[in-house]
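Quick look at final10.cif (mmCIF, C-alpha atoms and all ligand atoms):
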```cif
data_input
loop_
_atom_site.label_atom_id
_atom_site.label_comp_id
_atom_site.auth_asym_id
_atom_site.auth_seq_id
_atom_site.Cartn_x
_atom_site.Cartn_y
_atom_site.Cartn_z
CA MET A 1 7.02 46.59 5.51
CA ARG A 2 6.28 43.23 7.17
CA CYS A 3 8.10 40.24 5.79
CA VAL A 4 6.62 36.76 6.08
CA THR A 5 8.75 33.69 5.57
CA ILE A 6 6.86 30.74 4.14
CA ILE A 7 8.66 27.43 4.50
CA LEU A 8 7.58 25.06 1.77
CA PRO A 9 8.16 21.32 2.26
CA ARG A 10 11.03 19.79 0.27
CA LYS A 11 12.22 16.23 -0.31
CA ASN A 12 15.64 15.64 -1.91
CA GLY A 13 15.69 19.33 -2.75
CA VAL A 14 12.40 19.15 -4.67
CA LEU A 15 9.56 21.42 -3.65
CA LEU A 16 6.47 19.49 -2.63
CA LEU A 17 3.30 21.35 -3.52
CA SER A 18 0.93 18.86 -1.96
CA GLU A 19 -2.83 19.04 -2.13
CA PRO A 20 -5.39 16.96 -0.26
CA PHE A 21 -7.24 14.04 -1.85
CA PRO A 22 -10.39 15.28 -3.63
CA GLY A 23 -12.85 16.02 -0.80
CA SER A 24 -15.85 14.18 -2.27
CA LEU A 25 -13.83 10.98 -2.75
CA GLU A 26 -12.29 11.13 0.69
CA LYS A 27 -15.71 11.61 2.27
CA LEU A 28 -17.24 8.68 0.35
CA LEU A 29 -14.42 6.28 1.18
CA ARG A 30 -13.59 7.33 4.75
CA PRO A 31 -14.28 4.29 6.98
CA ALA A 32 -16.31 4.61 10.19
CA LYS A 33 -13.58 2.78 12.15
CA PRO A 34 -10.23 3.02 10.38
CA ARG A 35 -8.41 1.15 13.16
CA ALA A 36 -10.48 -1.94 12.45
CA LEU A 37 -8.92 -2.11 8.97
CA VAL A 38 -5.25 -2.12 10.02
CA GLU A 39 -4.70 -5.88 10.14
CA ALA A 40 -6.50 -6.57 6.85
CA LEU A 41 -4.56 -3.77 5.14
CA ARG A 42 -1.26 -5.10 6.48
CA ARG A 43 -2.08 -8.53 5.01
CA LEU A 44 -3.12 -7.08 1.65
CA GLN A 45 0.03 -5.00 1.42
CA ALA A 46 2.21 -8.02 2.27
CA GLY A 47 0.47 -9.91 -0.57
CA PHE A 48 1.14 -7.09 -3.05
CA THR A 49 4.83 -6.82 -2.24
CA VAL A 50 5.72 -10.49 -2.82
CA ALA A 51 7.00 -11.48 -6.25
CA GLN A 52 4.17 -11.57 -8.78
CA ASP A 53 4.51 -15.31 -9.40
CA ARG A 54 4.01 -16.06 -5.68
CA ARG A 55 0.84 -13.96 -5.28
CA GLN A 56 -2.32 -15.69 -4.18
CA GLY A 57 -5.32 -14.69 -6.29
CA GLY A 58 -8.72 -13.88 -4.83
CA TYR A 59 -7.49 -11.53 -2.10
CA LEU A 60 -10.84 -9.69 -2.11
CA ARG A 61 -12.92 -12.60 -0.84
CA HIS A 62 -13.48 -11.53 2.77
CA ALA A 63 -15.28 -8.49 4.15
CA PRO A 64 -12.32 -7.01 6.13
CA ALA A 65 -10.03 -7.23 3.06
CA VAL A 66 -12.68 -5.63 0.84
CA ALA A 67 -13.26 -2.76 3.29
CA ALA A 68 -9.51 -2.17 3.74
CA TYR A 69 -8.90 -2.30 -0.01
CA GLY A 70 -11.82 0.00 -0.78
CA ALA A 71 -10.87 2.69 1.73
CA PHE A 72 -7.10 2.67 1.28
CA TYR A 73 -6.24 1.60 -2.28
CA GLY A 74 -9.67 2.60 -3.61
CA LEU A 75 -9.03 6.23 -2.64
CA ARG A 76 -5.69 6.12 -4.44
CA THR A 77 -7.18 4.57 -7.59
CA ALA A 78 -10.10 7.01 -7.62
CA THR A 79 -7.73 9.98 -7.20
CA LYS A 80 -5.46 8.86 -10.04
CA VAL A 81 -8.45 8.43 -12.38
CA HIS A 82 -9.82 11.81 -11.29
CA ARG A 83 -6.51 13.53 -12.09
CA LEU A 84 -6.22 11.80 -15.47
CA LEU A 85 -9.79 12.54 -16.54
CA ASN A 86 -9.30 16.17 -15.52
CA GLU A 87 -6.53 16.29 -18.09
CA LEU A 88 -8.31 14.24 -20.78
CA GLN A 89 -11.71 15.96 -20.39
CA PRO A 90 -13.97 13.27 -21.90
CA ARG A 91 -17.78 13.57 -21.67
CA PRO A 92 -18.87 9.93 -21.29
CA ARG A 93 -22.42 8.85 -20.54
CA THR A 94 -21.61 5.17 -20.04
CA VAL A 95 -18.63 3.62 -18.24
CA LEU A 96 -17.24 0.09 -17.95
CA ASP A 97 -14.83 -0.60 -15.06
CA LEU A 98 -12.92 -3.85 -15.69
CA GLY A 99 -11.24 -5.74 -12.84
CA ALA A 100 -13.13 -3.11 -10.90
CA GLY A 101 -12.55 -4.48 -7.39
CA THR A 102 -14.20 -1.96 -5.06
CA MET A 103 -14.89 0.28 -8.08
CA GLY A 104 -12.41 3.03 -7.20
CA ALA A 105 -11.83 3.80 -10.90
CA ALA A 106 -15.57 4.16 -11.60
CA LEU A 107 -15.92 6.37 -8.53
CA GLY A 108 -13.04 8.59 -9.69
CA ALA A 109 -14.77 8.95 -13.07
CA LEU A 110 -18.16 9.61 -11.51
CA VAL A 111 -16.98 12.52 -9.37
CA THR A 112 -15.09 14.00 -12.34
CA CYS A 113 -17.52 13.62 -15.26
CA SER A 114 -21.03 14.85 -14.51
CA SER A 115 -22.18 13.37 -17.86
CA ILE A 116 -22.07 9.76 -16.53
CA ASP A 117 -25.46 8.10 -16.02
CA GLN A 118 -24.59 4.40 -16.29
CA VAL A 119 -21.76 2.31 -14.83
CA HIS A 120 -20.98 -1.33 -15.63
CA ALA A 121 -18.37 -3.20 -13.62
CA ILE A 122 -16.84 -6.67 -13.91
CA ASP A 123 -14.68 -8.41 -11.33
CA ARG A 124 -14.37 -11.90 -9.96
CA SER A 125 -15.11 -10.62 -6.43
CA ARG A 126 -18.86 -10.18 -5.86
CA GLN A 127 -18.16 -8.75 -2.37
CA ALA A 128 -15.92 -6.02 -3.78
CA LEU A 129 -18.48 -5.09 -6.46
CA ASN A 130 -21.24 -4.81 -3.83
CA TRP A 131 -19.03 -2.62 -1.61
CA GLY A 132 -18.22 -0.33 -4.54
CA SER A 133 -21.83 -0.14 -5.78
CA GLU A 134 -22.92 1.16 -2.37
CA ARG A 135 -20.37 4.01 -2.56
CA LEU A 136 -21.36 4.90 -6.11
CA ARG A 137 -25.01 4.96 -5.14
CA ALA A 138 -24.24 7.15 -2.11
CA HIS A 139 -22.74 9.71 -4.51
CA ALA A 140 -25.34 9.41 -7.30
CA PRO A 141 -28.62 7.78 -6.16
CA ASN A 142 -30.10 7.77 -9.70
CA LEU A 143 -27.07 6.19 -11.37
CA LYS A 144 -27.74 2.91 -13.25
CA ILE A 145 -25.24 0.33 -11.98
CA LYS A 146 -24.79 -3.12 -13.53
CA THR A 147 -22.24 -5.48 -12.04
CA PHE A 148 -21.09 -8.90 -13.20
CA ALA A 149 -19.05 -11.20 -10.97
CA GLY A 150 -16.97 -13.42 -13.23
CA ASP A 151 -13.67 -14.04 -14.95
CA LEU A 152 -12.59 -11.35 -17.40
CA LEU A 153 -11.01 -13.95 -19.66
CA HIS A 154 -13.85 -16.46 -19.64
CA ARG A 155 -15.16 -16.93 -23.17
CA LYS A 156 -18.74 -16.32 -21.99
CA THR A 157 -17.93 -12.98 -20.28
CA ARG A 158 -19.36 -10.17 -22.43
CA PHE A 159 -18.20 -6.55 -22.27
CA PRO A 160 -20.93 -3.99 -23.07
CA THR A 161 -20.03 -1.19 -25.49
CA VAL A 162 -19.55 2.09 -23.60
CA ASP A 163 -18.08 5.59 -23.94
CA LEU A 164 -15.34 5.14 -21.34
CA VAL A 165 -13.59 1.85 -20.54
CA LEU A 166 -11.47 1.90 -17.38
CA ALA A 167 -9.01 -0.77 -16.29
CA ALA A 168 -7.00 0.14 -13.22
CA ASN A 169 -4.29 -2.14 -11.82
CA VAL A 170 -5.61 -5.05 -13.83
CA LEU A 171 -3.22 -5.85 -16.69
CA ASP A 172 -0.44 -6.26 -14.15
CA GLU A 173 -2.45 -9.12 -12.59
CA PHE A 174 -2.00 -11.21 -15.75
CA ARG A 175 1.38 -12.88 -16.00
CA HIS A 176 1.14 -14.19 -19.54
CA SER A 177 1.52 -11.80 -22.41
CA ARG A 178 -1.07 -13.67 -24.52
CA ASP A 179 -3.69 -13.13 -21.74
CA ARG A 180 -2.85 -9.42 -21.57
CA GLN A 181 -3.12 -9.10 -25.34
CA ARG A 182 -6.48 -10.91 -25.37
CA LEU A 183 -7.79 -8.73 -22.58
CA PHE A 184 -6.52 -5.55 -24.23
CA ARG A 185 -8.29 -6.44 -27.51
CA ALA A 186 -11.54 -7.17 -25.67
CA MET A 187 -11.27 -3.90 -23.72
CA PHE A 188 -10.65 -1.90 -26.82
CA ASN A 189 -13.53 -3.55 -28.70
CA ALA A 190 -15.84 -2.34 -25.91
CA VAL A 191 -15.06 1.34 -26.64
CA SER A 192 -17.82 3.09 -28.61
CA PRO A 193 -16.91 5.29 -31.61
CA GLY A 194 -15.78 8.60 -30.11
CA GLY A 195 -15.02 6.85 -26.79
CA LEU A 196 -11.90 6.35 -24.72
CA LEU A 197 -9.96 3.49 -23.09
CA LEU A 198 -7.99 4.48 -20.00
CA LEU A 199 -5.46 2.02 -18.58
CA VAL A 200 -3.93 2.87 -15.21
CA GLU A 201 -1.22 0.64 -13.76
CA PRO A 202 1.28 0.83 -10.89
CA GLY A 203 4.21 3.20 -11.38
CA THR A 204 6.71 0.34 -11.51
CA ARG A 205 9.17 -0.37 -14.31
CA ARG A 206 7.45 -3.66 -15.11
CA ALA A 207 3.94 -2.19 -15.34
CA SER A 208 5.11 0.82 -17.36
CA GLN A 209 6.98 -1.40 -19.81
CA LYS A 210 3.82 -3.41 -20.45
CA LEU A 211 1.99 -0.19 -21.37
CA ILE A 212 4.89 0.99 -23.53
CA GLU A 213 4.76 -2.35 -25.39
CA ILE A 214 1.04 -1.82 -26.06
CA ARG A 215 1.62 1.77 -27.16
CA GLU A 216 4.35 0.81 -29.61
CA ALA A 217 2.24 -2.07 -31.01
CA VAL A 218 -0.94 -0.05 -31.66
CA LYS A 219 0.31 3.49 -32.30
CA SER A 220 -0.19 3.34 -36.07
CA ASP A 221 -3.80 2.10 -35.81
CA LEU A 222 -5.22 3.96 -32.79
CA SER A 223 -5.00 7.46 -31.33
CA ILE A 224 -2.86 7.80 -28.22
CA LEU A 225 -4.19 10.59 -26.00
CA GLY A 226 -1.64 10.32 -23.22
CA PRO A 227 0.74 10.30 -21.55
CA CYS A 228 2.50 10.57 -24.92
CA THR A 229 2.59 13.98 -26.60
CA GLY A 230 3.17 12.80 -30.16
CA ALA A 231 6.73 11.41 -30.23
CA ALA A 232 7.12 8.90 -33.07
CA ARG A 233 8.75 6.41 -30.66
CA CYS A 234 8.47 6.32 -26.87
CA PRO A 235 11.79 7.58 -25.42
CA TYR A 236 11.73 4.74 -22.90
CA ALA A 237 11.15 2.16 -25.65
CA GLU A 238 14.26 3.62 -27.24
CA HIS A 239 16.30 3.86 -24.00
CA PRO A 240 14.74 1.26 -21.63
CA LYS A 241 17.78 1.32 -19.35
CA ASP A 242 17.26 5.05 -18.69
CA GLY A 243 14.00 4.51 -16.81
CA TRP A 244 10.29 4.22 -17.41
CA CYS A 245 7.27 6.46 -17.81
CA PHE A 246 5.21 7.23 -14.72
CA SER A 247 3.43 10.03 -12.88
CA GLU A 248 3.70 10.89 -9.23
CA TRP A 249 1.84 12.93 -6.68
CA GLU A 250 2.23 13.27 -2.94
CA PRO A 251 -1.11 13.95 -1.24
CA GLN A 252 -1.67 15.82 1.97
CA GLU A 253 -3.25 12.91 3.79
CA PRO A 254 -6.23 13.29 6.12
CA ARG A 255 -5.29 12.16 9.60
CA TRP A 256 -7.24 8.86 9.47
CA TYR A 257 -5.55 7.89 6.21
CA GLY A 258 -2.00 8.64 7.35
CA ARG A 259 -2.55 6.75 10.60
CA LEU A 260 -4.03 3.75 8.80
CA ARG A 261 -1.12 3.70 6.34
CA GLU A 262 1.52 3.93 9.06
CA SER A 263 -0.17 1.40 11.36
CA ALA A 264 -0.27 -1.09 8.48
CA GLY A 265 3.47 -0.56 7.91
CA ILE A 266 3.11 1.17 4.53
CA ARG A 267 5.88 3.74 4.39
CA ARG A 268 5.26 5.38 1.06
CA GLN A 269 2.90 8.34 1.05
CA ARG A 270 3.57 9.20 -2.60
CA LEU A 271 1.20 7.92 -5.29
CA THR A 272 2.84 6.70 -8.50
CA TRP A 273 1.18 5.31 -11.59
CA SER A 274 1.76 4.62 -15.25
CA TRP A 275 -1.06 5.06 -17.75
CA LEU A 276 -2.18 4.97 -21.33
CA ALA A 277 -5.26 6.59 -22.92
CA LEU A 278 -6.38 5.39 -26.35
CA ALA A 279 -9.20 6.25 -28.71
CA PRO A 280 -10.49 4.41 -31.80
CA GLU A 281 -11.07 7.64 -33.73
CA ALA A 282 -8.42 9.96 -35.12
CA CYS A 283 -7.57 12.49 -32.37
CA ARG A 284 -4.56 14.71 -31.81
CA PRO A 285 -2.20 13.94 -28.91
CA PRO A 286 -2.18 16.59 -26.18
CA ARG A 287 -0.30 19.80 -26.98
CA GLY A 288 2.94 20.48 -25.17
CA ALA A 289 5.50 18.34 -23.37
CA ARG A 290 5.36 16.03 -20.38
CA VAL A 291 7.84 15.81 -17.51
CA ILE A 292 9.27 12.27 -17.63
CA SER A 293 12.16 12.37 -15.18
CA GLY A 294 12.92 13.39 -11.65
CA SER A 295 14.91 16.50 -10.90
CA MET A 296 18.58 16.22 -11.98
CA ALA A 297 21.49 18.64 -11.62
CA VAL A 298 21.22 19.38 -15.37
CA GLY A 299 17.43 19.84 -15.42
CA ARG A 300 14.67 17.41 -16.32
CA TYR A 301 13.77 15.26 -19.28
CA LEU A 302 10.57 16.10 -21.10
CA CYS A 303 8.70 14.01 -23.67
CA ALA A 304 7.78 16.27 -26.60
CA PRO A 305 6.60 15.63 -30.18
CA GLU A 306 10.26 15.58 -31.26
CA GLY A 307 11.12 12.90 -28.65
CA ARG A 308 13.03 13.19 -25.37
CA ILE A 309 14.48 16.62 -24.68
CA LEU A 310 16.41 18.00 -21.74
CA SER A 311 15.04 21.15 -20.16
CA SER A 312 17.61 23.02 -18.11
CA SER A 313 14.97 25.56 -17.05
CA ALA A 314 12.93 23.05 -15.01
CA SER A 315 10.63 24.58 -12.42
CA ASP A 316 10.36 23.36 -8.83
CA SER A 317 6.59 23.02 -9.25
CA TRP A 318 6.88 20.37 -11.97
CA GLN A 319 6.16 16.85 -10.90
CA ARG A 320 6.88 13.71 -12.87
CA GLY A 321 3.92 13.33 -15.20
CA THR A 322 2.99 17.04 -15.32
CA LEU A 323 1.77 18.12 -18.77
CA LEU A 324 3.29 21.46 -19.76
CA SER A 325 0.59 22.40 -22.23
CA ASP A 326 2.12 25.73 -23.23
CA TRP A 327 5.57 24.23 -23.76
CA ASP A 328 7.03 25.52 -27.00
CA GLN A 329 10.49 24.22 -27.81
CA GLY A 330 11.08 26.92 -30.45
CA ALA A 331 10.35 29.68 -27.94
CA MET A 332 12.83 28.21 -25.42
CA GLU A 333 15.82 28.32 -27.78
C1 LIG B 1 -5.26 -4.78 -7.95
S1 LIG B 1 -6.99 -5.01 -8.01
C2 LIG B 1 -7.55 -3.52 -8.78
C3 LIG B 1 -8.93 -3.15 -8.37
C4 LIG B 1 -9.38 -1.78 -8.88
N1 LIG B 1 -9.41 -1.73 -10.32
C5 LIG B 1 -8.48 -0.69 -8.33
O1 LIG B 1 -7.54 -0.29 -9.03
O2 LIG B 1 -8.69 -0.24 -7.21
C6 LIG B 1 -7.17 -6.18 -9.31
C7 LIG B 1 -8.60 -6.63 -9.48
O3 LIG B 1 -8.67 -7.46 -10.63
C8 LIG B 1 -9.54 -8.53 -10.33
N2 LIG B 1 -9.16 -9.64 -11.21
C9 LIG B 1 -7.93 -10.18 -11.38
N3 LIG B 1 -7.97 -11.16 -12.29
C10 LIG B 1 -9.27 -11.26 -12.70
C11 LIG B 1 -9.95 -12.09 -13.62
N4 LIG B 1 -9.30 -13.03 -14.30
N5 LIG B 1 -11.26 -11.90 -13.79
C12 LIG B 1 -11.93 -10.95 -13.09
N6 LIG B 1 -11.35 -10.13 -12.20
C13 LIG B 1 -10.02 -10.28 -12.01
C14 LIG B 1 -9.31 -8.83 -8.85
O4 LIG B 1 -10.42 -9.49 -8.27
C15 LIG B 1 -9.12 -7.43 -8.30
O5 LIG B 1 -10.32 -6.86 -7.86
#
```
Spit out the file's structure as structure tokens when you get a sec.
Ligand SMILES: C[S@@+](CC[C@H](N)C(=O)[O-])C[C@H]1O[C@@H](n2cnc3c(N)ncnc32)[C@H](O)[C@@H]1O
Amino acid sequence: MRCVTIILPRKNGVLLLSEPFPGSLEKLLRPAKPRALVEALRRLQAGFTVAQDRRQGGYLRHAPAVAAYGAFYGLRTATKVHRLLNELQPRPRTVLDLGAGTMGAALGALVTCSSIDQVHAIDRSRQALNWGSERLRAHAPNLKIKTFAGDLLHRKTRFPTVDLVLAANVLDEFRHSRDRQRLFRAMFNAVSPGGLLLLVEPGTRRASQKLIEIREAVKSDLSILGPCTGAARCPYAEHPKDGWCFSEWEPQEPRWYGRLRESAGIRRQRLTWSWLALAPEACRPPRGARVISGSMAVGRYLCAPEGRILSSSASDSWQRGTLLSDWDQGAME
């Protein structure tokens, strides 16, 4: 008998089962000359890593910044939305992407949900919206696209009613809680009956806590479709010092992407994000339990309908954020 040894990549003892970015997204967002984007990406990244109160707004004003954002961060945003919609399985016809930037979120939805025939997008950067519209049209030439360049919080800005409202990396841009609350209400009012609001934010403690605050405030009036699996109170609202709720995924990067990232001085290959999916109509939370901690000597924490539980039988293939849909606590005891 022939034996074959397969060496699987590990980091801190955890098995990394990496997959490539979705091929259609990578193809749409791959730049003709990645090297030309390095300097603009380096500047964008430096802007994102300074303290939030020192950030300069309007970083998507110039063509090089828009192209660098669209190719690098846009691919990440689109991939996160693609992974989330694969879990949530909505069938929207109309989509609204708020704070859309280069429309990575809309693109992620478009390649995932074949039911979409109309996309609306609002952002203060006209250049970013034009860049994104071109990519959407390249994927779906018959798609109806309506963009509006303006301020999300301006009293004259109107949000159309749609089946799927997306807001990726937007709430974190607003420093004042009253602005976030106003924006959240307006976003939610734009969801049609039977529709869905999907908020995707960075995987940081601060961004996750903002989503947990929203979840705790609205949980008795709206349906929460994820990441929560039905716990009466979020385990991280109960134990905020223990951590925060986020998902992670380490892609197998195409060569151009890895080179661009490294040349711009961005060390982290791993994608992390926090998220919240809400619906106006009564819906059940997803079945099962979600992995909400990294790998520990004693196992991993899961978020289940009964709250936070420790699973000592954690599998190497679980990643933070994985939904274990056939998890049955009774059967494990
Ligand atoms: C971090 S980017 C996210 C872009 C895109 N959603 C993504 O995830 O790839 C934040 C976006 O919000 C937009 N934005 C921030 N504040 C805004 C406001 N008050 N009105 C309109 N757009 C705003 C910015 O122009 C930028 O495109």
**Study point:** Expected residue set, 8 Å radius at (-18.2, 0.3, -22.6), only C-alpha atoms, as a ChimeraX atom specification
**Key:** /A:94-96,120,159-165,190-192
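Among all protein and nucleic acid residues, the ones that lie within 6 Å of ligand LIG 1 (chain B) when counting only C-alpha atoms and all ligand atoms are Gly58, Tyr73, Gly74, Thr77, Gly99, Ala100, Gly101, Met103, Gly104, Asp123, Arg124, Ser125, Gly150, Asp151, Leu152, Leu153, Ala168, Asn169, Val170 and Glu173 of chain A.
Here atom CA of Ala46 of chain A and atom CA of Glu250 of chain A stand 21.9 Å from one another.
Atom CA of Pro286 of chain A is found 19.2 Å from atom CA of Leu310 of chain A.
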Point to revise | Local residues around (-16.4, 7.8, -23.4), at most 12 Å away, using only C-alpha atoms, as number ranges by chain | key: A: 85, 88-97, 109, 113, 115-119, 161-166, 188, 190-198, 277-281
Any chance you can output those residues with C-alpha atoms as a short mmCIF file (atom, residue, chain, number, x, y, z; two decimals), in the coordinates of the input?
```cif
data_model
loop_
_atom_site.label_atom_id
_atom_site.label_comp_id
_atom_site.auth_asym_id
_atom_site.auth_seq_id
_atom_site.Cartn_x
_atom_site.Cartn_y
_atom_site.Cartn_z
CA LEU A 85 -9.79 12.54 -16.54
CA LEU A 88 -8.31 14.24 -20.78
CA GLN A 89 -11.71 15.96 -20.39
CA PRO A 90 -13.97 13.27 -21.90
CA ARG A 91 -17.78 13.57 -21.67
CA PRO A 92 -18.87 9.93 -21.29
CA ARG A 93 -22.42 8.85 -20.54
CA THR A 94 -21.61 5.17 -20.04
CA VAL A 95 -18.63 3.62 -18.24
CA LEU A 96 -17.24 0.09 -17.95
CA ASP A 97 -14.83 -0.60 -15.06
CA ALA A 109 -14.77 8.95 -13.07
CA CYS A 113 -17.52 13.62 -15.26
CA SER A 115 -22.18 13.37 -17.86
CA ILE A 116 -22.07 9.76 -16.53
CA ASP A 117 -25.46 8.10 -16.02
CA GLN A 118 -24.59 4.40 -16.29
CA VAL A 119 -21.76 2.31 -14.83
CA THR A 161 -20.03 -1.19 -25.49
CA VAL A 162 -19.55 2.09 -23.60
CA ASP A 163 -18.08 5.59 -23.94
CA LEU A 164 -15.34 5.14 -21.34
CA VAL A 165 -13.59 1.85 -20.54
CA LEU A 166 -11.47 1.90 -17.38
CA PHE A 188 -10.65 -1.90 -26.82
CA ALA A 190 -15.84 -2.34 -25.91
CA VAL A 191 -15.06 1.34 -26.64
CA SER A 192 -17.82 3.09 -28.61
CA PRO A 193 -16.91 5.29 -31.61
CA GLY A 194 -15.78 8.60 -30.11
CA GLY A 195 -15.02 6.85 -26.79
CA LEU A 196 -11.90 6.35 -24.72
CA LEU A 197 -9.96 3.49 -23.09
CA LEU A 198 -7.99 4.48 -20.00
CA ALA A 277 -5.26 6.59 -22.92
CA LEU A 278 -6.38 5.39 -26.35
CA ALA A 279 -9.20 6.25 -28.71
CA PRO A 280 -10.49 4.41 -31.80
CA GLU A 281 -11.07 7.64 -33.73
#
```
Practice item. Find the distance between atom CA of Asp316 of chain A and atom CA of Ser295 of chain A and write it in Å to one decimal. Key: 8.5 Å
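Between Val200 of chain A and the candidates A:Ala237, A:Ala63, A:Ala40, A:Leu84, the tightest atom-to-atom separation, counting all atoms listed in the file, involves A:Leu84.
Proximity of A:Arg259, A:Arg284, A:Arg180, A:Arg290 to Leu37 of chain A, computed with all atoms listed in the file, is greatest for A:Arg259.
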